[in-house]
file coords.tsv (TSV, C-alpha atoms)
chain	number	residue	atom	x	y	z
A	1	MET	CA	-27.53	3.90	0.75
A	2	LYS	CA	-27.63	2.22	-2.63
A	3	LEU	CA	-24.89	-0.33	-3.21
A	4	LEU	CA	-23.48	-1.95	-6.33
A	5	THR	CA	-21.12	-4.91	-6.20
A	6	CYS	CA	-17.98	-4.43	-8.27
A	7	PRO	CA	-16.57	-7.82	-9.39
A	8	LEU	CA	-13.07	-6.59	-8.46
A	9	ASN	CA	-13.64	-4.44	-5.37
A	10	GLY	CA	-16.84	-5.77	-3.81
A	11	PRO	CA	-19.86	-3.79	-2.58
A	12	ARG	CA	-19.45	-0.04	-2.89
A	13	ASN	CA	-21.64	3.03	-2.64
A	14	ILE	CA	-23.33	3.72	-5.99
A	15	SER	CA	-21.65	7.15	-5.99
A	16	GLU	CA	-18.36	5.39	-6.73
A	17	PHE	CA	-19.66	4.18	-10.11
A	18	THR	CA	-20.30	5.64	-13.53
A	19	TYR	CA	-22.93	4.23	-15.89
A	20	GLY	CA	-21.47	3.34	-19.28
A	21	GLY	CA	-24.52	2.54	-21.41
A	22	GLU	CA	-26.11	-0.64	-22.69
A	23	TYR	CA	-24.01	-3.57	-23.75
A	24	HIS	CA	-24.55	-4.83	-27.30
A	25	PRO	CA	-22.47	-7.47	-29.05
A	26	MET	CA	-20.15	-5.74	-31.48
A	27	PRO	CA	-20.97	-6.34	-35.15
A	28	ASP	CA	-18.36	-7.98	-37.35
A	29	PRO	CA	-15.90	-5.10	-37.94
A	30	VAL	CA	-15.00	-6.31	-41.43
A	31	HIS	CA	-18.51	-6.68	-42.83
A	32	THR	CA	-20.34	-3.81	-41.13
A	33	ASP	CA	-21.47	-0.68	-42.96
A	34	SER	CA	-21.58	2.82	-41.49
A	35	ARG	CA	-25.27	2.61	-40.65
A	36	GLN	CA	-24.79	-0.52	-38.56
A	37	TRP	CA	-21.76	1.02	-36.82
A	38	ALA	CA	-23.74	4.14	-35.97
A	39	GLU	CA	-26.58	2.05	-34.55
A	40	HIS	CA	-24.12	0.02	-32.49
A	41	VAL	CA	-22.29	3.02	-31.09
A	42	PHE	CA	-25.04	5.61	-30.63
A	43	PHE	CA	-28.47	3.94	-30.46
A	44	HIS	CA	-29.82	2.21	-27.36
A	45	ASP	CA	-32.77	-0.16	-27.09
A	46	ASN	CA	-33.93	1.40	-23.80
A	47	ALA	CA	-35.77	-1.85	-23.07
A	48	ALA	CA	-38.07	-2.36	-20.07
A	49	GLY	CA	-36.84	-5.49	-18.28
A	50	VAL	CA	-33.51	-7.17	-17.71
A	51	VAL	CA	-30.72	-5.51	-19.69
A	52	THR	CA	-26.93	-5.80	-19.65
A	53	GLU	CA	-25.07	-2.56	-18.99
A	54	TRP	CA	-21.54	-1.23	-18.74
A	55	TRP	CA	-20.50	0.22	-15.39
A	56	CYS	CA	-17.17	1.64	-14.26
A	57	HIS	CA	-15.84	1.66	-10.70
A	58	ASN	CA	-14.26	5.10	-10.65
A	59	ALA	CA	-11.63	4.58	-7.95
A	60	SER	CA	-10.07	1.63	-9.78
A	61	SER	CA	-11.12	2.54	-13.36
A	62	PHE	CA	-12.47	-1.00	-13.58
A	63	TRP	CA	-15.10	-1.55	-16.28
A	64	PHE	CA	-17.50	-4.43	-15.81
A	65	LEU	CA	-20.98	-5.58	-16.83
A	66	ALA	CA	-24.20	-5.70	-14.85
A	67	GLU	CA	-27.52	-7.36	-15.53
A	68	ARG	CA	-30.19	-5.00	-14.23
A	69	ASN	CA	-33.96	-4.97	-14.33
A	70	THR	CA	-34.84	-1.50	-15.56
A	71	ILE	CA	-38.40	-1.80	-14.18
A	72	SER	CA	-37.53	-2.73	-10.59
A	73	ASP	CA	-33.94	-1.36	-10.62
A	74	GLU	CA	-32.82	-4.71	-9.20
A	75	VAL	CA	-29.27	-5.71	-10.13
A	76	ILE	CA	-29.37	-9.44	-10.92
A	77	ARG	CA	-25.60	-9.89	-11.16
A	78	THR	CA	-22.37	-8.13	-12.01
A	79	PHE	CA	-19.50	-9.81	-13.80
A	80	GLU	CA	-16.10	-9.12	-15.32
A	81	ALA	CA	-16.02	-8.10	-18.98
A	82	SER	CA	-13.53	-10.91	-19.60
A	83	GLU	CA	-16.49	-13.34	-19.45
A	84	ILE	CA	-17.45	-12.00	-22.87
A	85	PHE	CA	-14.30	-10.35	-24.16
A	86	ASN	CA	-11.97	-13.31	-23.86
A	87	GLN	CA	-10.03	-13.05	-27.09
A	88	ARG	CA	-8.24	-10.31	-28.96
A	89	ILE	CA	-10.07	-8.80	-31.95
A	90	ASP	CA	-7.89	-7.31	-34.66
A	91	PHE	CA	-9.48	-4.66	-36.82
A	92	ILE	CA	-8.64	-5.12	-40.49
A	93	ALA	CA	-9.23	-2.16	-42.75
A	94	ALA	CA	-11.92	-2.70	-45.40
A	95	SER	CA	-10.42	-3.40	-48.82
A	96	THR	CA	-12.74	-0.84	-50.47
A	97	PRO	CA	-12.49	2.75	-49.21
A	98	GLU	CA	-15.80	3.99	-47.84
A	99	GLY	CA	-17.87	5.96	-50.35
A	100	SER	CA	-15.90	4.87	-53.42
A	101	SER	CA	-18.34	2.21	-54.65
B	1	MET	CA	13.27	28.06	8.11
B	2	SER	CA	14.57	24.79	6.71
B	3	SER	CA	18.22	24.58	5.69
B	4	ILE	CA	17.06	23.39	2.28
B	5	MET	CA	13.92	24.54	0.51
B	6	PRO	CA	11.74	22.70	-2.05
B	7	THR	CA	12.56	25.27	-4.71
B	8	GLU	CA	16.21	24.14	-4.64
B	9	VAL	CA	15.52	20.69	-6.08
B	10	PRO	CA	14.13	19.75	-9.49
B	11	ARG	CA	11.21	17.81	-8.03
B	12	ARG	CA	9.02	18.82	-5.11
B	13	SER	CA	5.74	17.71	-3.60
B	14	GLN	CA	2.54	19.48	-4.56
B	15	LEU	CA	2.15	19.95	-0.81
B	16	SER	CA	5.43	21.79	-0.34
B	17	ARG	CA	3.67	25.12	0.38
B	18	ARG	CA	1.67	23.43	3.14
B	19	HIS	CA	4.88	22.02	4.60
B	20	ILE	CA	6.64	25.39	4.59
B	21	GLU	CA	3.65	26.97	6.34
B	22	LEU	CA	3.91	24.28	9.02
B	23	GLY	CA	7.61	24.99	9.57
B	24	ALA	CA	8.94	21.78	8.03
B	25	GLU	CA	12.58	20.79	8.09
B	26	PHE	CA	13.36	19.07	4.79
B	27	GLU	CA	15.87	16.33	4.05
B	28	ARG	CA	17.45	15.71	0.68
B	29	SER	CA	18.59	12.46	-0.84
B	30	GLY	CA	19.73	12.93	-4.42
B	31	TYR	CA	16.87	14.62	-6.22
B	32	LEU	CA	14.38	13.55	-3.54
B	33	LEU	CA	13.14	16.01	-0.98
B	34	LEU	CA	11.06	14.86	1.97
B	35	VAL	CA	9.80	16.46	5.16
B	36	LYS	CA	12.15	15.18	7.84
B	37	ASP	CA	10.13	16.69	10.69
B	38	TYR	CA	8.05	19.72	11.66
B	39	GLY	CA	10.26	20.69	14.57
B	40	SER	CA	8.44	18.74	17.27
B	41	GLN	CA	10.32	16.43	19.62
B	42	THR	CA	7.29	14.18	20.01
B	43	GLU	CA	6.65	13.21	16.39
B	44	ALA	CA	7.67	9.57	16.90
B	45	THR	CA	5.05	9.28	19.63
B	46	GLN	CA	2.55	11.24	17.55
B	47	ALA	CA	2.98	8.75	14.69
B	48	GLN	CA	1.91	5.96	17.03
B	49	ILE	CA	-1.32	7.80	17.82
B	50	LEU	CA	-2.29	9.58	14.60
B	51	GLY	CA	0.12	11.10	12.11
B	52	LEU	CA	-0.04	12.26	8.50
B	53	VAL	CA	3.06	11.98	6.30
B	54	ASP	CA	3.65	13.21	2.75
B	55	LEU	CA	5.62	10.63	0.74
B	56	SER	CA	4.77	12.08	-2.68
B	57	THR	CA	8.34	12.52	-3.88
B	58	LEU	CA	9.30	8.86	-3.34
B	59	PRO	CA	9.70	6.70	-6.48
B	60	ARG	CA	6.87	4.50	-7.73
B	61	THR	CA	5.79	2.91	-10.97
B	62	GLY	CA	3.19	0.58	-12.43
B	63	PHE	CA	2.37	-1.83	-15.22
B	64	LYS	CA	-0.88	-2.87	-16.79
B	65	GLY	CA	-2.20	-4.99	-19.64
B	66	ALA	CA	-3.25	-8.47	-20.70
B	67	GLY	CA	0.40	-9.55	-20.74
B	68	ALA	CA	1.27	-7.98	-17.38
B	69	PRO	CA	0.70	-11.09	-15.20
B	70	ASP	CA	2.98	-13.31	-17.31
B	71	TRP	CA	5.57	-10.56	-17.72
B	72	ALA	CA	5.61	-9.78	-14.00
B	73	ALA	CA	6.07	-13.45	-13.17
B	74	THR	CA	9.45	-13.34	-14.96
B	75	GLN	CA	10.70	-10.24	-13.07
B	76	ALA	CA	11.92	-11.86	-9.82
B	77	LEU	CA	9.16	-10.26	-7.77
B	78	ASN	CA	7.28	-11.72	-4.83
B	79	LEU	CA	3.86	-11.16	-6.38
B	80	PRO	CA	0.60	-10.96	-4.43
B	81	GLN	CA	-1.76	-13.83	-5.19
B	82	GLN	CA	-5.06	-11.95	-5.09
B	83	PRO	CA	-6.09	-8.58	-6.52
B	84	ASN	CA	-6.30	-5.81	-3.91
B	85	THR	CA	-3.46	-7.24	-1.85
B	86	CYS	CA	0.22	-6.33	-1.63
B	87	THR	CA	3.53	-7.89	-0.70
B	88	VAL	CA	6.76	-6.39	0.61
B	89	GLN	CA	9.87	-7.30	-1.39
B	90	THR	CA	13.28	-8.16	0.00
B	91	ASP	CA	14.58	-4.72	-1.04
B	92	GLY	CA	11.81	-2.99	0.93
B	93	SER	CA	9.68	-2.13	-2.10
B	94	LEU	CA	5.99	-2.84	-1.99
B	95	VAL	CA	4.17	-4.52	-4.90
B	96	ALA	CA	0.42	-3.89	-4.98
B	97	LYS	CA	-1.82	-5.97	-7.22
B	98	LEU	CA	-4.67	-3.64	-8.16
B	99	SER	CA	-6.38	-6.10	-10.53
B	100	HIS	CA	-5.50	-9.31	-12.36
B	101	GLN	CA	-3.71	-7.18	-14.96
B	102	GLU	CA	-2.36	-4.22	-13.00
B	103	LEU	CA	0.57	-3.74	-10.62
B	104	LEU	CA	1.72	-0.74	-8.61
B	105	ILE	CA	5.24	-0.70	-7.16
B	106	LEU	CA	6.24	1.67	-4.33
B	107	SER	CA	9.78	2.29	-3.06
B	108	ASP	CA	10.85	2.00	0.55
B	109	LEU	CA	10.76	5.03	2.86
B	110	ASN	CA	14.31	6.02	1.91
B	111	GLY	CA	13.44	6.34	-1.76
B	112	LYS	CA	15.45	3.29	-2.68
B	113	SER	CA	14.04	0.49	-4.78
B	114	ALA	CA	16.16	-1.88	-6.82
B	115	SER	CA	12.91	-3.38	-8.11
B	116	ILE	CA	11.65	-0.09	-9.56
B	117	GLU	CA	15.01	0.73	-11.15
B	118	ARG	CA	15.20	-2.73	-12.68
B	119	LEU	CA	11.60	-2.78	-13.94
B	120	ASN	CA	11.82	0.70	-15.45
B	121	ASN	CA	14.85	-0.41	-17.45
B	122	THR	CA	13.40	-3.74	-18.56
B	123	PRO	CA	11.62	-3.99	-21.93
B	124	VAL	CA	7.98	-4.94	-21.48
B	125	ASP	CA	6.04	-7.51	-23.46
B	126	PRO	CA	3.80	-6.32	-26.34
B	127	GLN	CA	0.64	-6.53	-24.23
B	128	THR	CA	2.19	-4.98	-21.10
B	129	TYR	CA	2.11	-1.22	-20.72
B	130	SER	CA	4.11	1.05	-18.44
B	131	LEU	CA	1.86	2.99	-16.09
B	132	PRO	CA	4.02	5.62	-14.34
B	133	ARG	CA	2.52	6.79	-11.04
B	134	ALA	CA	5.12	9.28	-9.80
B	135	ASP	CA	3.50	12.30	-11.46
B	136	SER	CA	-0.11	11.18	-11.59
B	137	HIS	CA	-0.66	10.44	-7.90
B	138	CYS	CA	0.28	11.95	-4.58
B	139	TRP	CA	1.27	9.51	-1.84
B	140	LEU	CA	0.32	10.09	1.78
B	141	ALA	CA	0.57	7.89	4.85
B	142	ILE	CA	-1.75	7.85	7.86
B	143	THR	CA	-0.30	6.14	10.90
B	144	GLY	CA	-1.32	5.28	14.41
B	145	SER	CA	-3.82	3.56	16.63
B	146	GLN	CA	-6.56	6.09	15.78
B	147	ALA	CA	-6.13	5.87	12.00
B	148	ALA	CA	-8.97	3.43	11.25
B	149	GLU	CA	-11.34	5.32	13.53
B	150	MET	CA	-10.47	8.56	11.77
B	151	PHE	CA	-11.02	6.94	8.36
B	152	SER	CA	-14.59	6.05	9.32
B	153	LYS	CA	-15.45	9.73	8.94
B	154	ILE	CA	-14.28	10.05	5.35
B	155	CYS	CA	-14.23	6.53	3.86
B	156	ALA	CA	-17.10	4.04	3.55
B	157	VAL	CA	-14.85	0.95	3.62
B	158	ASP	CA	-14.34	-0.47	7.11
B	159	LEU	CA	-10.59	-0.24	7.70
B	160	ARG	CA	-10.56	-1.50	11.29
B	161	SER	CA	-7.85	-4.10	11.81
B	162	HIS	CA	-10.21	-7.06	12.28
B	163	LYS	CA	-11.96	-6.20	9.00
B	164	PHE	CA	-9.05	-4.97	6.89
B	165	ALA	CA	-5.88	-6.99	7.35
B	166	ASN	CA	-2.32	-5.81	6.88
B	167	GLY	CA	-1.49	-6.11	3.18
B	168	GLU	CA	-5.04	-5.49	1.97
B	169	ILE	CA	-5.96	-2.75	-0.50
B	170	ALA	CA	-9.19	-0.79	-0.91
B	171	GLN	CA	-9.74	1.22	-4.05
B	172	THR	CA	-12.48	3.56	-2.96
B	173	SER	CA	-13.54	7.11	-2.24
B	174	VAL	CA	-11.72	8.99	0.55
B	175	ALA	CA	-13.22	12.41	1.27
B	176	LYS	CA	-14.91	12.11	-2.15
B	177	ALA	CA	-11.56	11.67	-3.89
B	178	ASN	CA	-10.87	8.42	-5.76
B	179	SER	CA	-8.08	6.75	-3.84
B	180	ILE	CA	-6.01	3.63	-3.43
B	181	VAL	CA	-5.74	2.76	0.27
B	182	ILE	CA	-3.02	0.25	1.17
B	183	ARG	CA	-2.55	-1.07	4.69
B	184	ASN	CA	1.17	-1.48	5.23
B	185	ASP	CA	1.86	-1.51	8.96
B	186	GLN	CA	5.17	-0.10	10.19
B	187	GLY	CA	6.33	-2.45	12.92
B	188	SER	CA	3.37	-2.83	15.25
B	189	THR	CA	1.83	0.51	14.25
B	190	HIS	CA	-1.05	0.67	11.81
B	191	CYS	CA	-0.16	2.50	8.63
B	192	PHE	CA	-2.30	3.25	5.58
B	193	TYR	CA	-0.86	4.58	2.37
B	194	ILE	CA	-3.23	6.73	0.32
B	195	LEU	CA	-2.58	7.36	-3.37
B	196	THR	CA	-4.85	9.93	-4.96
B	197	ASP	CA	-4.91	11.96	-8.13
B	198	VAL	CA	-2.21	14.58	-7.74
B	199	SER	CA	-4.58	17.44	-8.53
B	200	SER	CA	-6.48	16.60	-5.32
B	201	ALA	CA	-3.38	16.56	-3.11
B	202	GLU	CA	-3.96	19.84	-1.26
B	203	PHE	CA	-7.69	19.17	-0.95
B	204	LEU	CA	-7.10	15.72	0.54
B	205	TRP	CA	-4.32	16.96	2.85
B	206	ASP	CA	-6.66	19.61	4.28
B	207	CYS	CA	-9.55	17.12	4.59
B	208	LEU	CA	-7.38	14.62	6.44
B	209	LEU	CA	-6.02	17.22	8.86
B	210	ASP	CA	-9.57	18.39	9.51
B	211	ALA	CA	-10.77	14.84	10.17
B	212	MET	CA	-7.77	14.19	12.44
B	213	VAL	CA	-8.37	17.15	14.75
B	214	GLU	CA	-10.73	15.36	17.13
B	215	TYR	CA	-8.15	12.58	17.61
B	216	ASP	CA	-5.28	15.04	18.15
B	217	GLY	CA	-3.75	13.96	14.85
B	218	ARG	CA	-0.96	16.03	13.34
B	219	PRO	CA	1.44	15.99	10.38
B	220	VAL	CA	4.72	14.24	11.11
B	221	GLY	CA	7.93	13.92	9.12
B	222	VAL	CA	9.26	10.81	7.46
B	223	ALA	CA	11.79	10.40	10.30
B	224	ALA	CA	8.91	9.57	12.66
B	225	LEU	CA	7.57	7.02	10.17
B	226	ARG	CA	10.97	5.33	9.87
B	227	ALA	CA	11.27	5.25	13.66
B	228	LEU	CA	8.21	2.98	13.86
B	229	VAL	CA	10.04	0.04	12.29
call {"tool": "encode", "arguments": {"input": "coords.tsv", "output": "structure tokens"}}
result
Amino acid sequence: MKLLTCPLNGPRNISEFTYGGEYHPMPDPVHTDSRQWAEHVFFHDNAAGVVTEWWCHNASSFWFLAERNTISDEVIRTFEASEIFNQRIDFIAASTPEGSS
Amino acid sequence: MSSIMPTEVPRRSQLSRRHIELGAEFERSGYLLLVKDYGSQTEATQAQILGLVDLSTLPRTGFKGAGAPDWAATQALNLPQQPNTCTVQTDGSLVAKLSHQELLILSDLNGKSASIERLNNTPVDPQTYSLPRADSHCWLAITGSQAAEMFSKICAVDLRSHKFANGEIAQTSVAKANSIVIRNDQGSTHCFYILTDVSSAEFLWDCLLDAMVEYDGRPVGVAALRALV
């Protein structure tokens, strides 16, 4: 049985988790154009080596991050998202409507 | 046939058809309808061995959000210290801490909870969000000395008493259904509450009864559960 350690619930069968994609730092929401947003949201690096990924523990709907080696499939560590997301980010609408320049 | 039927009240359990098939006698308290018993004289004893109770119509609520811990601390609750633990309140309600920012509150077995009534009528802070659980989840109870043994067939978390203390919570898969399992012993009898997505209620009920067969487990009414205390 393959196990993954949820930071909130402890070791659980991998079938209790859903993969949520690679983690990338979010670009500055005020100074980011559509191309950069698209790359952030839709494009993955698919790197060989240690990557940081989103995972969700289904039974508790708890999202967290995992550092995993994509070559050996070894999970180096899992940690709460609050380690990175520790302050509120307010989205301020761009002063110039998109496409009007 | 019961003197009162689930169709006569505005709110009924998703399992009411199962209860009718089993010959349940219902009891009514206000708009609440619970299975009082299934006509057996030995249900109190059965609950000490292995019993399954449907508590789905009892009140419950929840709160979640970055502001939830600070807001909850001002609500005169005896809050659990650690996530995945619960505490019983002076009014009989049970407060379960599902994460640092999420609380689940269950009423007592009579459907009374001053805490739930108060919290549902209290304005929440901007970063605290109401998370009603009465319609989203069914609520079952498994009681008796054989309960942990039975769980080992359908749940990967070790729920034996020396591994899973009274007041602990496991959020995990039970018969492949995402569930919240809360150990809340009734007197000296082991008791596990299971809260699962309401759409899985009949599936889980059937799975539990199937898993209970080899231990002579049977459904019991809420009267047998109350008799344990």
call {"tool": "residues_around", "arguments": {"input": "coords.tsv", "residues": "A:Ile84", "least_positions_apart": "5", "cutoff": "10 Å", "atoms": "all atoms listed in the file", "output": "PyMOL selection string"}}
result
chain A and resi 25+65+79
call {"tool": "closest_residue", "arguments": {"input": "coords.tsv", "among": "A:Asp90, A:Glu16, A:Asp73, A:Glu22", "to": "A:Asn46", "atoms": "all atoms listed in the file"}}
result
A:Glu22
call {"tool": "residues_around", "arguments": {"input": "coords.tsv", "residues": "stretch 155-172 of chain B", "least_positions_apart": "4", "cutoff": "8 Å", "atoms": "all atoms listed in the file", "output": "count of residues only"}}
result
23
call {"tool": "closest_residue", "arguments": {"input": "coords.tsv", "among": "B:Ser173, B:Ser40, B:Thr90, B:Ser145", "to": "A:Asn58", "atoms": "all atoms listed in the file"}}
result
B:Ser173
call {"tool": "residues_near_point", "arguments": {"input": "coords.tsv", "point": "(6.2, 6.9, -11.8)", "cutoff": "8 Å", "atoms": "all atoms listed in the file", "output": "list in words"}}
result
Pro59, Arg60, Thr61, Gly62, Leu131, Pro132, Arg133, Ala134, Asp135 and Ser136 of chain B
call {"tool": "residues_around", "arguments": {"input": "coords.tsv", "residues": "A:Glu67", "least_positions_apart": "6", "cutoff": "8 Å", "atoms": "only C-alpha atoms", "output": "ChimeraX atom specification"}}
result
/A:50-53,75-78
call {"tool": "residues_around", "arguments": {"input": "coords.tsv", "residues": "B:Ser107", "least_positions_apart": "2", "cutoff": "10 Å", "atoms": "only C-alpha atoms", "output": "short mmCIF file (atom, residue, chain, number, x, y, z; two decimals) with C-alpha atoms, in the coordinates of the input"}}
result
data_model
loop_
_atom_site.label_atom_id
_atom_site.label_comp_id
_atom_site.auth_asym_id
_atom_site.auth_seq_id
_atom_site.Cartn_x
_atom_site.Cartn_y
_atom_site.Cartn_z
CA LEU B 58 9.30 8.86 -3.34
CA PRO B 59 9.70 6.70 -6.48
CA ARG B 60 6.87 4.50 -7.73
CA THR B 61 5.79 2.91 -10.97
CA VAL B 88 6.76 -6.39 0.61
CA GLN B 89 9.87 -7.30 -1.39
CA ASP B 91 14.58 -4.72 -1.04
CA GLY B 92 11.81 -2.99 0.93
CA SER B 93 9.68 -2.13 -2.10
CA LEU B 94 5.99 -2.84 -1.99
CA VAL B 95 4.17 -4.52 -4.90
CA ILE B 105 5.24 -0.70 -7.16
CA LEU B 109 10.76 5.03 2.86
CA ASN B 110 14.31 6.02 1.91
CA GLY B 111 13.44 6.34 -1.76
CA LYS B 112 15.45 3.29 -2.68
CA SER B 113 14.04 0.49 -4.78
CA ALA B 114 16.16 -1.88 -6.82
CA SER B 115 12.91 -3.38 -8.11
CA ILE B 116 11.65 -0.09 -9.56
CA GLU B 117 15.01 0.73 -11.15
#
call {"tool": "residues_around", "arguments": {"input": "coords.tsv", "residues": "B:Gln48", "least_positions_apart": "4", "cutoff": "12 Å", "atoms": "all atoms listed in the file", "output": "PyMOL selection string"}}
result
chain B and resi 42-44+52+142-147+185-191+216-218+220+224-229
call {"tool": "build_atoms", "arguments": {"input": "coords.tsv", "residues": "stretch 122-144 of chain B", "atoms": "N, CA and C atoms", "output": "PDB file, in the frame of the given file"}}
result
ATOM      1  N   THR B 122      13.621  -2.452 -17.920  1.00  0.00           N
ATOM      2  CA  THR B 122      13.400  -3.740 -18.560  1.00  0.00           C
ATOM      3  C   THR B 122      12.347  -3.584 -19.665  1.00  0.00           C
ATOM      4  N   PRO B 123      12.646  -4.061 -20.873  1.00  0.00           N
ATOM      5  CA  PRO B 123      11.620  -3.990 -21.930  1.00  0.00           C
ATOM      6  C   PRO B 123      10.387  -4.784 -21.524  1.00  0.00           C
ATOM      7  N   VAL B 124       9.218  -4.244 -21.822  1.00  0.00           N
ATOM      8  CA  VAL B 124       7.980  -4.940 -21.480  1.00  0.00           C
ATOM      9  C   VAL B 124       7.486  -5.729 -22.683  1.00  0.00           C
ATOM     10  N   ASP B 125       6.629  -6.713 -22.407  1.00  0.00           N
ATOM     11  CA  ASP B 125       6.040  -7.510 -23.460  1.00  0.00           C
ATOM     12  C   ASP B 125       5.053  -6.658 -24.273  1.00  0.00           C
ATOM     13  N   PRO B 126       4.695  -7.133 -25.494  1.00  0.00           N
ATOM     14  CA  PRO B 126       3.800  -6.320 -26.340  1.00  0.00           C
ATOM     15  C   PRO B 126       2.475  -5.969 -25.684  1.00  0.00           C
ATOM     16  N   GLN B 127       1.939  -6.838 -24.838  1.00  0.00           N
ATOM     17  CA  GLN B 127       0.640  -6.530 -24.230  1.00  0.00           C
ATOM     18  C   GLN B 127       0.785  -6.093 -22.761  1.00  0.00           C
ATOM     19  N   THR B 128       1.961  -5.560 -22.422  1.00  0.00           N
ATOM     20  CA  THR B 128       2.190  -4.980 -21.100  1.00  0.00           C
ATOM     21  C   THR B 128       2.548  -3.510 -21.290  1.00  0.00           C
ATOM     22  N   TYR B 129       1.928  -2.652 -20.520  1.00  0.00           N
ATOM     23  CA  TYR B 129       2.110  -1.220 -20.720  1.00  0.00           C
ATOM     24  C   TYR B 129       2.597  -0.567 -19.438  1.00  0.00           C
ATOM     25  N   SER B 130       3.601   0.297 -19.586  1.00  0.00           N
ATOM     26  CA  SER B 130       4.110   1.050 -18.440  1.00  0.00           C
ATOM     27  C   SER B 130       3.039   2.026 -17.957  1.00  0.00           C
ATOM     28  N   LEU B 131       2.885   2.108 -16.655  1.00  0.00           N
ATOM     29  CA  LEU B 131       1.860   2.990 -16.090  1.00  0.00           C
ATOM     30  C   LEU B 131       2.520   3.816 -14.981  1.00  0.00           C
ATOM     31  N   PRO B 132       3.295   4.843 -15.353  1.00  0.00           N
ATOM     32  CA  PRO B 132       4.020   5.620 -14.340  1.00  0.00           C
ATOM     33  C   PRO B 132       3.052   6.253 -13.346  1.00  0.00           C
ATOM     34  N   ARG B 133       3.418   6.262 -12.082  1.00  0.00           N
ATOM     35  CA  ARG B 133       2.520   6.790 -11.040  1.00  0.00           C
ATOM     36  C   ARG B 133       3.145   7.958 -10.296  1.00  0.00           C
ATOM     37  N   ALA B 134       4.421   8.263 -10.592  1.00  0.00           N
ATOM     38  CA  ALA B 134       5.120   9.280  -9.800  1.00  0.00           C
ATOM     39  C   ALA B 134       4.519  10.663  -9.998  1.00  0.00           C
ATOM     40  N   ASP B 135       4.035  10.971 -11.194  1.00  0.00           N
ATOM     41  CA  ASP B 135       3.500  12.300 -11.460  1.00  0.00           C
ATOM     42  C   ASP B 135       1.981  12.340 -11.445  1.00  0.00           C
ATOM     43  N   SER B 136       1.348  11.196 -11.511  1.00  0.00           N
ATOM     44  CA  SER B 136      -0.110  11.180 -11.590  1.00  0.00           C
ATOM     45  C   SER B 136      -0.771  11.156 -10.211  1.00  0.00           C
ATOM     46  N   HIS B 137      -0.063  10.614  -9.224  1.00  0.00           N
ATOM     47  CA  HIS B 137      -0.660  10.440  -7.900  1.00  0.00           C
ATOM     48  C   HIS B 137       0.208  11.074  -6.820  1.00  0.00           C
ATOM     49  N   CYS B 138      -0.447  11.623  -5.799  1.00  0.00           N
ATOM     50  CA  CYS B 138       0.280  11.950  -4.580  1.00  0.00           C
ATOM     51  C   CYS B 138       0.251  10.714  -3.684  1.00  0.00           C
ATOM     52  N   TRP B 139       1.142  10.686  -2.708  1.00  0.00           N
ATOM     53  CA  TRP B 139       1.270   9.510  -1.840  1.00  0.00           C
ATOM     54  C   TRP B 139       1.373   9.999  -0.392  1.00  0.00           C
ATOM     55  N   LEU B 140       0.347   9.709   0.373  1.00  0.00           N
ATOM     56  CA  LEU B 140       0.320  10.090   1.780  1.00  0.00           C
ATOM     57  C   LEU B 140       0.294   8.842   2.643  1.00  0.00           C
ATOM     58  N   ALA B 141       0.667   8.993   3.899  1.00  0.00           N
ATOM     59  CA  ALA B 141       0.570   7.890   4.850  1.00  0.00           C
ATOM     60  C   ALA B 141      -0.144   8.387   6.104  1.00  0.00           C
ATOM     61  N   ILE B 142      -1.075   7.576   6.575  1.00  0.00           N
ATOM     62  CA  ILE B 142      -1.750   7.850   7.860  1.00  0.00           C
ATOM     63  C   ILE B 142      -1.326   6.753   8.817  1.00  0.00           C
ATOM     64  N   THR B 143      -0.784   7.138   9.957  1.00  0.00           N
ATOM     65  CA  THR B 143      -0.300   6.140  10.900  1.00  0.00           C
ATOM     66  C   THR B 143      -0.981   6.282  12.253  1.00  0.00           C
ATOM     67  N   GLY B 144      -0.936   5.191  13.014  1.00  0.00           N
ATOM     68  CA  GLY B 144      -1.320   5.280  14.410  1.00  0.00           C
ATOM     69  C   GLY B 144      -2.559   4.495  14.788  1.00  0.00           C
TER      70      GLY B 144
END
